[in-house]
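For reference, the structure is listed below as structure tokens.
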Amino acid sequence: MISTRQILSKSKRLSNVLQKQQVVRGISTSCIFSNNSNNSNSNSNINSNNKSITRLSNSINIKSNFEKVIFRNYSSAIKFNLADVGEGIAECEVLVWYVKEGDQIKEFDKLCEVQSDKATVEITSRYDGIVTKICHKIGDMAKVGEPLVEITPESSIAEIKLNAGPASQVTVTPPSVSVSSSSSVSSSVSSSVASSLDHEYDITKKNGQKYKVMATPAVRNLGKLKSVDLKQIQGTGKDGRILKEDILNSLNAEAKSKTQSIPIAKEVITTTTTTTTTTTSAAAKETRVPITGIRKIMVRSMNAACSVPHFGFTEEYIMDSLSDLRNKVKPLAAEKGIKLSYLPFIIKAASLSLLRYPVLNSSISQDQTEIIYKNYHNIGIAMDSPQGLLVPNIKNVESKSIFEIAKELNRLQELSGKGLLTPNDMSGGTFTLSNIGTIGGLHSSPVLLLPEVCIGAIGKIQSLPRFNKHHAVITQSIMNISWSGDHRVIDGATMARFSNALKDYLENPSTMIMDTR
């Protein structure tokens with residue numbers, strides 16, 4: 001490692017060389033001008049100056065851009081590594097850069113936006129200084145713990161510039177020749193700096209304003225495969241996000257436009273057109289898209305889950321009493337600005353049932369020698385989002401009221417729709433519910449979200465005929481929940497008892513008040 005004294009010494013020598021370079025340029029210009037104006041009286045001066053120019057030119061082999069030389073001071077640059085952005089995340093895709101090489105930044109300034117397997121995260125700087133190197137391009141996969149950018153701290157740059165001094169202010173007067181740095185040289189250097197630091201990433205100007213292309217990794221990769229410029233696509237998703245359908249619609253529109261532009265006046269041309277269409281159609285039967293982002297983690301987690309022995313259990317729950325209670329308290333929730341669905345009641349009932357059967361809120365140790373009981377209930381809710389299937393969780397449900405659960409659920413649903421869920425929202429889950437009933441379906445076979453040992457899939461509520469205690473046929477609101485459990489930890493009898501406890505709470509919701517802590 002080069003010491004600070006060595007850095008300063010090299011910086012002084014660098015400054016002297018740059019000053020000499022400026023002198024050489026000035027001498028060259030002045031000598032030519034003097035030669036043209038008074039050729040007979042200045043031949044000896046020119047010859048002398050030319051020898052000086054030759055000696056100085058041979059000793060100079062450096063770029064004219066002083067600032068760029070300063071940026072190459074690698075001994076003082078700090079490698080800014082990609083920090084751990086969430087539980088079990090090994091790499092992230094770089095979506096957008098907010099800086100470019102040579103930018104002056106302050107602590108907490110945004111550097112870039114990355115998308116992990118679980119969420120989109122903005123990375124901010126921990127230093128004041130200059131960005132000397134960007135280690136990844138847009139679309140690259142950056143690994144956790146490896147350099148994301150290199151930053152030269154402000155203190156190091158200040159020391160170098162203080163010792164070197166600005167090269168553009170050098171003035172030298174050789175014998176019978178007066179030379180000063182010209183504004184044209186300074187302008188040329190500035191233009192060179194600007195050219196070398198051009199930003200090539202996806203922050204784009206449209207109607208004079210800057211905006212960034214919003215799309216998931218899968219959509220970006222599809223755009224690359226189909227050679228589609230995403231900047232030219234009008235996104236129809238949330239906040240202008242570009243969806244897969246937007247790219248396909250654009251390609252179809254382009255293909256249709258080309259087909260319609262072909263004249264069909266002669267039979268030969270008609271035949272040729274038909275053949276071309278058939279070939280295009282055949283080629284479009286297969287499209288390969290790289291697996292990245294959310295889908296990549298799904299592949300990995302589902303492969304891991306397949307190694308765990310699952311067992312299933314299904315029960316139906318009568319929802320009439322809970323429906324009446326919800327209708328009564330719904331106006332109170334609306335006054336608080338809370339949207340109250342059935343789900344907060346189910347989540348709270350599940351938490352109360354877990355207190356009685358805590359093994360369903362556990363996990364198994366890595367070496368499979370211990371069962372780890374969790375004394376907190378972070379209940380995850382599977383959500384369908386523009387990025388794919390996400391499972392954020394509501395923290396510490398055991399200590400929250402139904403209104404508090406509903407408020408937090410509203411927040412997570414809003415952030416999920418905008419693609420703004422944080423790693424904290426996504427990590428630390430202990431138990432999961434998937435509400436497939438909002439889309440449709442009665443029964444399911446949910447797959448465990450490891451390391452959790454239980455998951456439930458909630459079906460839609462239906463009005464169905466049932467017998468009452470007098471054996472008369474009545475109409476009841478029925479909801480099914482399909483459970484999957486890790487058979488290494490949970491047995492069928494425990495799952496059935498847990499389901500019965502949940503059934504009691506949902507069919508007699510007033511009992512939840514008695515057991516709520």
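Labels for the structure tokens follow display order: chains A, B, ..., residues from 1 in each chain, ligands from 1.
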
Excluding same-chain residues fewer than 4 positions from Tyr127 of chain A, what lies within 7 Å of it counting only C-alpha atoms, as a PyMOL selection string? chain A and resi 106-107+153

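In this structure, atom CA of Cys112 of chain A sits 18.2 Å away from atom CA of Lys418 of chain A.
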
What lies within 10 Å of Glu408 of chain A using only C-alpha atoms, ignoring chain neighbours under 4 positions off, as a list in words? Ile338, Pro344, Asn393, Ile394, Lys395, Lys400, Ile402, Phe403, Glu404, Leu412, Gln413 and Glu414 of chain A

Restricting the output to N, CA and C atoms, write the selected residues as a PDB file, in the first residue's frame.
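Final output, saved to part.pdb:
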ATOM      1  N   ILE A 338     -58.997   2.872   7.031  1.00  0.00           N
ATOM      2  CA  ILE A 338     -58.538   1.484   6.896  1.00  0.00           C
ATOM      3  C   ILE A 338     -59.546   0.690   6.073  1.00  0.00           C
ATOM      4  N   PRO A 344     -57.614  -9.659   7.792  1.00  0.00           N
ATOM      5  CA  PRO A 344     -57.079  -9.326   9.127  1.00  0.00           C
ATOM      6  C   PRO A 344     -57.655 -10.192  10.244  1.00  0.00           C
ATOM      7  N   ASN A 393     -44.399  -9.844   5.075  1.00  0.00           N
ATOM      8  CA  ASN A 393     -45.032 -10.338   6.302  1.00  0.00           C
ATOM      9  C   ASN A 393     -45.335  -9.209   7.272  1.00  0.00           C
ATOM     10  N   ILE A 394     -46.370  -9.449   8.069  1.00  0.00           N
ATOM     11  CA  ILE A 394     -46.779  -8.507   9.109  1.00  0.00           C
ATOM     12  C   ILE A 394     -46.065  -8.920  10.389  1.00  0.00           C
ATOM     13  N   LYS A 395     -45.258  -8.031  10.919  1.00  0.00           N
ATOM     14  CA  LYS A 395     -44.424  -8.344  12.076  1.00  0.00           C
ATOM     15  C   LYS A 395     -45.235  -8.319  13.383  1.00  0.00           C
ATOM     16  N   LYS A 400     -50.644  -7.286  18.059  1.00  0.00           N
ATOM     17  CA  LYS A 400     -51.384  -6.259  17.301  1.00  0.00           C
ATOM     18  C   LYS A 400     -52.887  -6.512  17.373  1.00  0.00           C
ATOM     19  N   ILE A 402     -56.763  -6.109  15.550  1.00  0.00           N
ATOM     20  CA  ILE A 402     -57.238  -6.385  14.190  1.00  0.00           C
ATOM     21  C   ILE A 402     -57.132  -5.139  13.324  1.00  0.00           C
ATOM     22  N   PHE A 403     -57.438  -3.958  13.883  1.00  0.00           N
ATOM     23  CA  PHE A 403     -57.304  -2.716  13.120  1.00  0.00           C
ATOM     24  C   PHE A 403     -55.842  -2.459  12.746  1.00  0.00           C
ATOM     25  N   GLU A 404     -54.921  -2.723  13.675  1.00  0.00           N
ATOM     26  CA  GLU A 404     -53.499  -2.528  13.386  1.00  0.00           C
ATOM     27  C   GLU A 404     -53.014  -3.492  12.303  1.00  0.00           C
ATOM     28  N   LEU A 412     -48.712  -2.805   3.043  1.00  0.00           N
ATOM     29  CA  LEU A 412     -47.957  -3.790   2.262  1.00  0.00           C
ATOM     30  C   LEU A 412     -48.566  -3.994   0.882  1.00  0.00           C
ATOM     31  N   GLN A 413     -49.884  -4.007   0.818  1.00  0.00           N
ATOM     32  CA  GLN A 413     -50.551  -4.177  -0.475  1.00  0.00           C
ATOM     33  C   GLN A 413     -50.283  -2.997  -1.401  1.00  0.00           C
ATOM     34  N   GLU A 414     -50.274  -1.791  -0.848  1.00  0.00           N
ATOM     35  CA  GLU A 414     -49.989  -0.596  -1.649  1.00  0.00           C
ATOM     36  C   GLU A 414     -48.555  -0.610  -2.170  1.00  0.00           C
TER      37      GLU A 414
END

Write out as a PyMOL selection string the residues lying within 10 Å of Gly440 of chain A, counting only C-alpha atoms and excluding same-chain residues fewer than 5 positions away. chain A and resi 435+458-461

Mind dumping the selected residues with C-alpha atoms as a PDB file, in the first residue's frame?
ATOM      1  CA  ASN A 435     -55.304 -15.794  -0.270  1.00  0.00           C
ATOM      2  CA  ILE A 458     -57.464 -19.575   1.614  1.00  0.00           C
ATOM      3  CA  GLY A 459     -60.209 -20.358  -0.911  1.00  0.00           C
ATOM      4  CA  LYS A 460     -63.080 -18.112  -1.959  1.00  0.00           C
ATOM      5  CA  ILE A 461     -66.238 -17.777   0.162  1.00  0.00           C
TER       6      ILE A 461
END

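Near Leu502 of chain A, within 10 Å and counting only C-alpha atoms, sit A:Tyr317, A:Ile346, A:Ile347, A:Lys348, A:Ala349, A:Ala350, A:Ser351, A:Leu352, A:Ser353, A:Leu354, A:Ala496, A:Asn508, not including residues fewer than 6 positions from it in the same chain.
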
As a ChimeraX atom specification, please: every residue in segment 244-413 of chain A that a backbone DSSP assignment puts in strand (DSSP E or B). /A:310-318,362-364,371-373,379-385,388-390,393-394

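Distance-wise, atom CA of Gly380 of chain A and atom CA of Cys92 of chain A end up 22.6 Å apart.
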
Residues at most 7 Å from Glu150 of chain A, counting only C-alpha atoms, excluding those fewer than 6 positions away in the same chain, as a PyMOL selection string? chain A and resi 77-80+131-134

Go ahead and dump the residues you just picked, all heavy atoms, as a PDB file, in the first residue's frame.
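New file out00.pdb:
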ATOM      1  N   ALA A  77      -8.582   5.320  -3.398  1.00  0.00           N
ATOM      2  CA  ALA A  77      -9.970   4.979  -3.707  1.00  0.00           C
ATOM      3  C   ALA A  77     -10.462   3.881  -2.769  1.00  0.00           C
ATOM      4  O   ALA A  77      -9.726   2.967  -2.424  1.00  0.00           O
ATOM      5  CB  ALA A  77     -10.105   4.530  -5.155  1.00  0.00           C
ATOM      6  N   ILE A  78     -11.718   3.997  -2.363  1.00  0.00           N
ATOM      7  CA  ILE A  78     -12.344   3.008  -1.481  1.00  0.00           C
ATOM      8  C   ILE A  78     -13.287   2.150  -2.316  1.00  0.00           C
ATOM      9  O   ILE A  78     -14.103   2.665  -3.071  1.00  0.00           O
ATOM     10  CB  ILE A  78     -13.122   3.697  -0.353  1.00  0.00           C
ATOM     11  CG1 ILE A  78     -12.162   4.461   0.551  1.00  0.00           C
ATOM     12  CG2 ILE A  78     -13.918   2.683   0.457  1.00  0.00           C
ATOM     13  CD1 ILE A  78     -12.866   5.279   1.616  1.00  0.00           C
ATOM     14  N   LYS A  79     -13.150   0.844  -2.177  1.00  0.00           N
ATOM     15  CA  LYS A  79     -14.059  -0.066  -2.877  1.00  0.00           C
ATOM     16  C   LYS A  79     -15.349  -0.166  -2.068  1.00  0.00           C
ATOM     17  O   LYS A  79     -15.353  -0.622  -0.938  1.00  0.00           O
ATOM     18  CB  LYS A  79     -13.419  -1.438  -3.040  1.00  0.00           C
ATOM     19  CG  LYS A  79     -12.253  -1.437  -4.013  1.00  0.00           C
ATOM     20  CD  LYS A  79     -11.709  -2.836  -4.227  1.00  0.00           C
ATOM     21  CE  LYS A  79     -10.566  -2.820  -5.254  1.00  0.00           C
ATOM     22  NZ  LYS A  79     -10.016  -4.180  -5.491  1.00  0.00           N
ATOM     23  N   PHE A  80     -16.442   0.300  -2.684  1.00  0.00           N
ATOM     24  CA  PHE A  80     -17.756   0.292  -2.038  1.00  0.00           C
ATOM     25  C   PHE A  80     -18.449  -1.011  -2.419  1.00  0.00           C
ATOM     26  O   PHE A  80     -18.910  -1.186  -3.540  1.00  0.00           O
ATOM     27  CB  PHE A  80     -18.569   1.502  -2.514  1.00  0.00           C
ATOM     28  CG  PHE A  80     -19.887   1.670  -1.819  1.00  0.00           C
ATOM     29  CD1 PHE A  80     -20.026   2.536  -0.749  1.00  0.00           C
ATOM     30  CD2 PHE A  80     -20.998   0.965  -2.238  1.00  0.00           C
ATOM     31  CE1 PHE A  80     -21.242   2.695  -0.118  1.00  0.00           C
ATOM     32  CE2 PHE A  80     -22.210   1.108  -1.617  1.00  0.00           C
ATOM     33  CZ  PHE A  80     -22.338   1.976  -0.546  1.00  0.00           C
ATOM     34  N   VAL A 131     -16.822   9.577  -7.565  1.00  0.00           N
ATOM     35  CA  VAL A 131     -16.950   8.227  -8.102  1.00  0.00           C
ATOM     36  C   VAL A 131     -15.851   8.017  -9.140  1.00  0.00           C
ATOM     37  O   VAL A 131     -15.838   8.681 -10.179  1.00  0.00           O
ATOM     38  CB  VAL A 131     -18.332   8.011  -8.745  1.00  0.00           C
ATOM     39  CG1 VAL A 131     -18.437   6.617  -9.351  1.00  0.00           C
ATOM     40  CG2 VAL A 131     -19.439   8.224  -7.720  1.00  0.00           C
ATOM     41  N   THR A 132     -14.912   7.134  -8.843  1.00  0.00           N
ATOM     42  CA  THR A 132     -13.784   6.922  -9.750  1.00  0.00           C
ATOM     43  C   THR A 132     -13.995   5.743 -10.683  1.00  0.00           C
ATOM     44  O   THR A 132     -13.384   5.671 -11.732  1.00  0.00           O
ATOM     45  CB  THR A 132     -12.490   6.694  -8.958  1.00  0.00           C
ATOM     46  OG1 THR A 132     -12.683   5.595  -8.067  1.00  0.00           O
ATOM     47  CG2 THR A 132     -12.120   7.926  -8.150  1.00  0.00           C
ATOM     48  N   LYS A 133     -14.859   4.808 -10.287  1.00  0.00           N
ATOM     49  CA  LYS A 133     -15.077   3.636 -11.145  1.00  0.00           C
ATOM     50  C   LYS A 133     -16.438   3.026 -10.845  1.00  0.00           C
ATOM     51  O   LYS A 133     -16.816   2.861  -9.685  1.00  0.00           O
ATOM     52  CB  LYS A 133     -13.981   2.597 -10.924  1.00  0.00           C
ATOM     53  CG  LYS A 133     -14.087   1.375 -11.836  1.00  0.00           C
ATOM     54  CD  LYS A 133     -12.962   0.385 -11.556  1.00  0.00           C
ATOM     55  CE  LYS A 133     -13.071  -0.848 -12.452  1.00  0.00           C
ATOM     56  NZ  LYS A 133     -11.999  -1.846 -12.164  1.00  0.00           N
ATOM     57  N   ILE A 134     -17.175   2.697 -11.896  1.00  0.00           N
ATOM     58  CA  ILE A 134     -18.424   1.954 -11.772  1.00  0.00           C
ATOM     59  C   ILE A 134     -18.152   0.531 -12.238  1.00  0.00           C
ATOM     60  O   ILE A 134     -17.698   0.321 -13.371  1.00  0.00           O
ATOM     61  CB  ILE A 134     -19.543   2.615 -12.602  1.00  0.00           C
ATOM     62  CG1 ILE A 134     -19.943   3.946 -11.945  1.00  0.00           C
ATOM     63  CG2 ILE A 134     -20.745   1.699 -12.723  1.00  0.00           C
ATOM     64  CD1 ILE A 134     -21.000   4.708 -12.690  1.00  0.00           C
TER      65      ILE A 134
END

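Here atom CA of Ala305 of chain A is placed at a distance of 26.4 Å from atom CA of Val121 of chain A.
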
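Restricting the calculation to only C-alpha atoms, the smallest distance between Arg288 of chain A and any of A:Leu248, A:Leu225, A:Phe345, A:Ser477 is found for A:Leu225.
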
Determine which residues of segment 78-164 of chain A receive a DSSP assignment of alpha helix (DSSP H), computed from the backbone, and state them as a PDB file with N, CA and C atoms, in the first residue's frame.
ATOM      1  N   GLU A 154     -13.324  12.600  -0.233  1.00  0.00           N
ATOM      2  CA  GLU A 154     -13.137  14.038  -0.445  1.00  0.00           C
ATOM      3  C   GLU A 154     -11.806  14.516   0.138  1.00  0.00           C
ATOM      4  N   SER A 155     -11.390  13.955   1.284  1.00  0.00           N
ATOM      5  CA  SER A 155     -10.150  14.387   1.926  1.00  0.00           C
ATOM      6  C   SER A 155      -8.935  14.080   1.055  1.00  0.00           C
ATOM      7  N   SER A 156      -8.935  12.902   0.397  1.00  0.00           N
ATOM      8  CA  SER A 156      -7.810  12.533  -0.462  1.00  0.00           C
ATOM      9  C   SER A 156      -7.710  13.450  -1.668  1.00  0.00           C
ATOM     10  N   ILE A 157      -8.865  13.782  -2.260  1.00  0.00           N
ATOM     11  CA  ILE A 157      -8.877  14.652  -3.449  1.00  0.00           C
ATOM     12  C   ILE A 157      -8.404  16.045  -3.086  1.00  0.00           C
ATOM     13  N   ALA A 158      -8.826  16.532  -1.901  1.00  0.00           N
ATOM     14  CA  ALA A 158      -8.440  17.880  -1.473  1.00  0.00           C
ATOM     15  C   ALA A 158      -6.924  17.978  -1.298  1.00  0.00           C
ATOM     16  N   GLU A 159      -6.310  16.943  -0.730  1.00  0.00           N
ATOM     17  CA  GLU A 159      -4.859  16.946  -0.527  1.00  0.00           C
ATOM     18  C   GLU A 159      -4.121  16.980  -1.857  1.00  0.00           C
ATOM     19  N   ILE A 160      -4.592  16.170  -2.809  1.00  0.00           N
ATOM     20  CA  ILE A 160      -3.916  16.093  -4.110  1.00  0.00           C
ATOM     21  C   ILE A 160      -4.012  17.426  -4.850  1.00  0.00           C
ATOM     22  N   LYS A 161      -5.217  18.017  -4.863  1.00  0.00           N
ATOM     23  CA  LYS A 161      -5.405  19.265  -5.600  1.00  0.00           C
ATOM     24  C   LYS A 161      -4.659  20.417  -4.930  1.00  0.00           C
ATOM     25  N   LEU A 162      -4.569  20.410  -3.598  1.00  0.00           N
ATOM     26  CA  LEU A 162      -3.879  21.464  -2.866  1.00  0.00           C
ATOM     27  C   LEU A 162      -2.408  21.489  -3.214  1.00  0.00           C
ATOM     28  N   ASN A 163      -1.799  20.320  -3.319  1.00  0.00           N
ATOM     29  CA  ASN A 163      -0.376  20.228  -3.627  1.00  0.00           C
ATOM     30  C   ASN A 163      -0.089  20.453  -5.104  1.00  0.00           C
ATOM     31  N   ALA A 164      -1.028  20.030  -5.959  1.00  0.00           N
ATOM     32  CA  ALA A 164      -0.776  20.122  -7.397  1.00  0.00           C
ATOM     33  C   ALA A 164      -1.028  21.517  -7.920  1.00  0.00           C
TER      34      ALA A 164
END

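The shortest atom-to-atom distance to Leu448 of chain A, with only C-alpha atoms taken into account, belongs to A:His310 out of A:Arg517, A:Arg411, A:His310, A:Arg488.
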
Name the residues in contact with segment 139-143 of chain A at a cut-off of 9 Å, using only C-alpha atoms, excluding same-chain residues fewer than 6 positions from it; report them as a PyMOL selection string. chain A and resi 81-82+90-96+114+217+220-221

All heavy atoms of the current selection, written as a tab-separated table (two decimals), in the first residue's frame:
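Final output, part-v5.tsv:
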chain	number	residue	atom	x	y	z
A	81	ASN	N	-18.49	-1.96	-1.48
A	81	ASN	CA	-19.06	-3.27	-1.76
A	81	ASN	C	-20.58	-3.27	-1.62
A	81	ASN	O	-21.14	-2.48	-0.85
A	81	ASN	CB	-18.47	-4.33	-0.81
A	81	ASN	CG	-16.99	-4.53	-1.04
A	81	ASN	OD1	-16.47	-4.25	-2.11
A	81	ASN	ND2	-16.29	-5.03	-0.03
A	82	LEU	N	-21.22	-4.16	-2.36
A	82	LEU	CA	-22.67	-4.33	-2.24
A	82	LEU	C	-22.94	-5.04	-0.92
A	82	LEU	O	-22.52	-6.17	-0.71
A	82	LEU	CB	-23.22	-5.15	-3.41
A	82	LEU	CG	-24.71	-5.47	-3.36
A	82	LEU	CD1	-25.54	-4.20	-3.37
A	82	LEU	CD2	-25.12	-6.36	-4.54
A	90	ALA	N	-27.89	-13.54	-2.49
A	90	ALA	CA	-26.48	-13.63	-2.85
A	90	ALA	C	-26.10	-12.66	-3.96
A	90	ALA	O	-24.93	-12.30	-4.10
A	90	ALA	CB	-26.15	-15.06	-3.29
A	91	GLU	N	-27.05	-12.22	-4.78
A	91	GLU	CA	-26.75	-11.32	-5.88
A	91	GLU	C	-27.96	-10.46	-6.21
A	91	GLU	O	-29.09	-10.81	-5.87
A	91	GLU	CB	-26.29	-12.11	-7.11
A	91	GLU	CG	-27.32	-13.10	-7.64
A	91	GLU	CD	-26.81	-13.91	-8.81
A	91	GLU	OE1	-25.62	-13.81	-9.12
A	91	GLU	OE2	-27.61	-14.62	-9.42
A	92	CYS	N	-27.71	-9.33	-6.86
A	92	CYS	CA	-28.77	-8.41	-7.26
A	92	CYS	C	-28.53	-7.95	-8.69
A	92	CYS	O	-27.38	-7.85	-9.13
A	92	CYS	CB	-28.81	-7.18	-6.34
A	92	CYS	SG	-29.14	-7.54	-4.61
A	93	GLU	N	-29.59	-7.64	-9.39
A	93	GLU	CA	-29.47	-7.08	-10.73
A	93	GLU	C	-29.46	-5.56	-10.65
A	93	GLU	O	-30.29	-4.95	-9.96
A	93	GLU	CB	-30.62	-7.54	-11.62
A	93	GLU	CG	-30.51	-6.99	-13.03
A	93	GLU	CD	-31.64	-7.42	-13.94
A	93	GLU	OE1	-32.58	-8.06	-13.44
A	93	GLU	OE2	-31.59	-7.13	-15.13
A	94	VAL	N	-28.51	-4.93	-11.34
A	94	VAL	CA	-28.42	-3.46	-11.36
A	94	VAL	C	-29.48	-2.93	-12.33
A	94	VAL	O	-29.45	-3.23	-13.53
A	94	VAL	CB	-27.02	-3.00	-11.79
A	94	VAL	CG1	-26.96	-1.48	-11.83
A	94	VAL	CG2	-25.96	-3.54	-10.85
A	95	LEU	N	-30.42	-2.14	-11.81
A	95	LEU	CA	-31.51	-1.60	-12.63
A	95	LEU	C	-31.19	-0.23	-13.19
A	95	LEU	O	-31.48	0.06	-14.35
A	95	LEU	CB	-32.80	-1.53	-11.81
A	95	LEU	CG	-33.41	-2.84	-11.33
A	95	LEU	CD1	-34.73	-2.57	-10.63
A	95	LEU	CD2	-33.62	-3.80	-12.50
A	96	VAL	N	-30.61	0.65	-12.36
A	96	VAL	CA	-30.35	2.02	-12.81
A	96	VAL	C	-29.22	2.61	-11.99
A	96	VAL	O	-29.07	2.30	-10.80
A	96	VAL	CB	-31.63	2.90	-12.67
A	96	VAL	CG1	-32.07	2.97	-11.23
A	96	VAL	CG2	-31.40	4.30	-13.20
A	114	VAL	N	-30.97	-1.47	-7.25
A	114	VAL	CA	-30.77	-2.87	-7.58
A	114	VAL	C	-32.03	-3.65	-7.23
A	114	VAL	O	-32.80	-3.26	-6.36
A	114	VAL	CB	-29.56	-3.47	-6.84
A	114	VAL	CG1	-28.28	-2.74	-7.22
A	114	VAL	CG2	-29.76	-3.44	-5.33
A	217	PRO	N	-36.68	-7.41	-14.31
A	217	PRO	CA	-35.56	-8.05	-15.03
A	217	PRO	C	-36.02	-8.94	-16.17
A	217	PRO	O	-35.41	-8.97	-17.23
A	217	PRO	CB	-34.86	-8.85	-13.93
A	217	PRO	CG	-35.17	-8.12	-12.68
A	217	PRO	CD	-36.55	-7.58	-12.86
A	220	ARG	N	-36.88	-6.74	-19.06
A	220	ARG	CA	-35.68	-6.17	-19.66
A	220	ARG	C	-34.97	-7.20	-20.54
A	220	ARG	O	-34.51	-6.89	-21.64
A	220	ARG	CB	-34.72	-5.69	-18.55
A	220	ARG	CG	-35.22	-4.47	-17.80
A	220	ARG	CD	-34.30	-4.12	-16.64
A	220	ARG	NE	-34.81	-3.01	-15.88
A	220	ARG	CZ	-34.63	-1.73	-16.19
A	220	ARG	NH1	-33.90	-1.43	-17.25
A	220	ARG	NH2	-35.14	-0.77	-15.45
A	221	ASN	N	-34.87	-8.42	-20.04
A	221	ASN	CA	-34.22	-9.48	-20.82
A	221	ASN	C	-35.00	-9.82	-22.08
A	221	ASN	O	-34.43	-10.10	-23.13
A	221	ASN	CB	-34.04	-10.73	-19.96
A	221	ASN	CG	-32.88	-10.59	-18.99
A	221	ASN	OD1	-31.79	-10.18	-19.37
A	221	ASN	ND2	-33.10	-10.92	-17.73
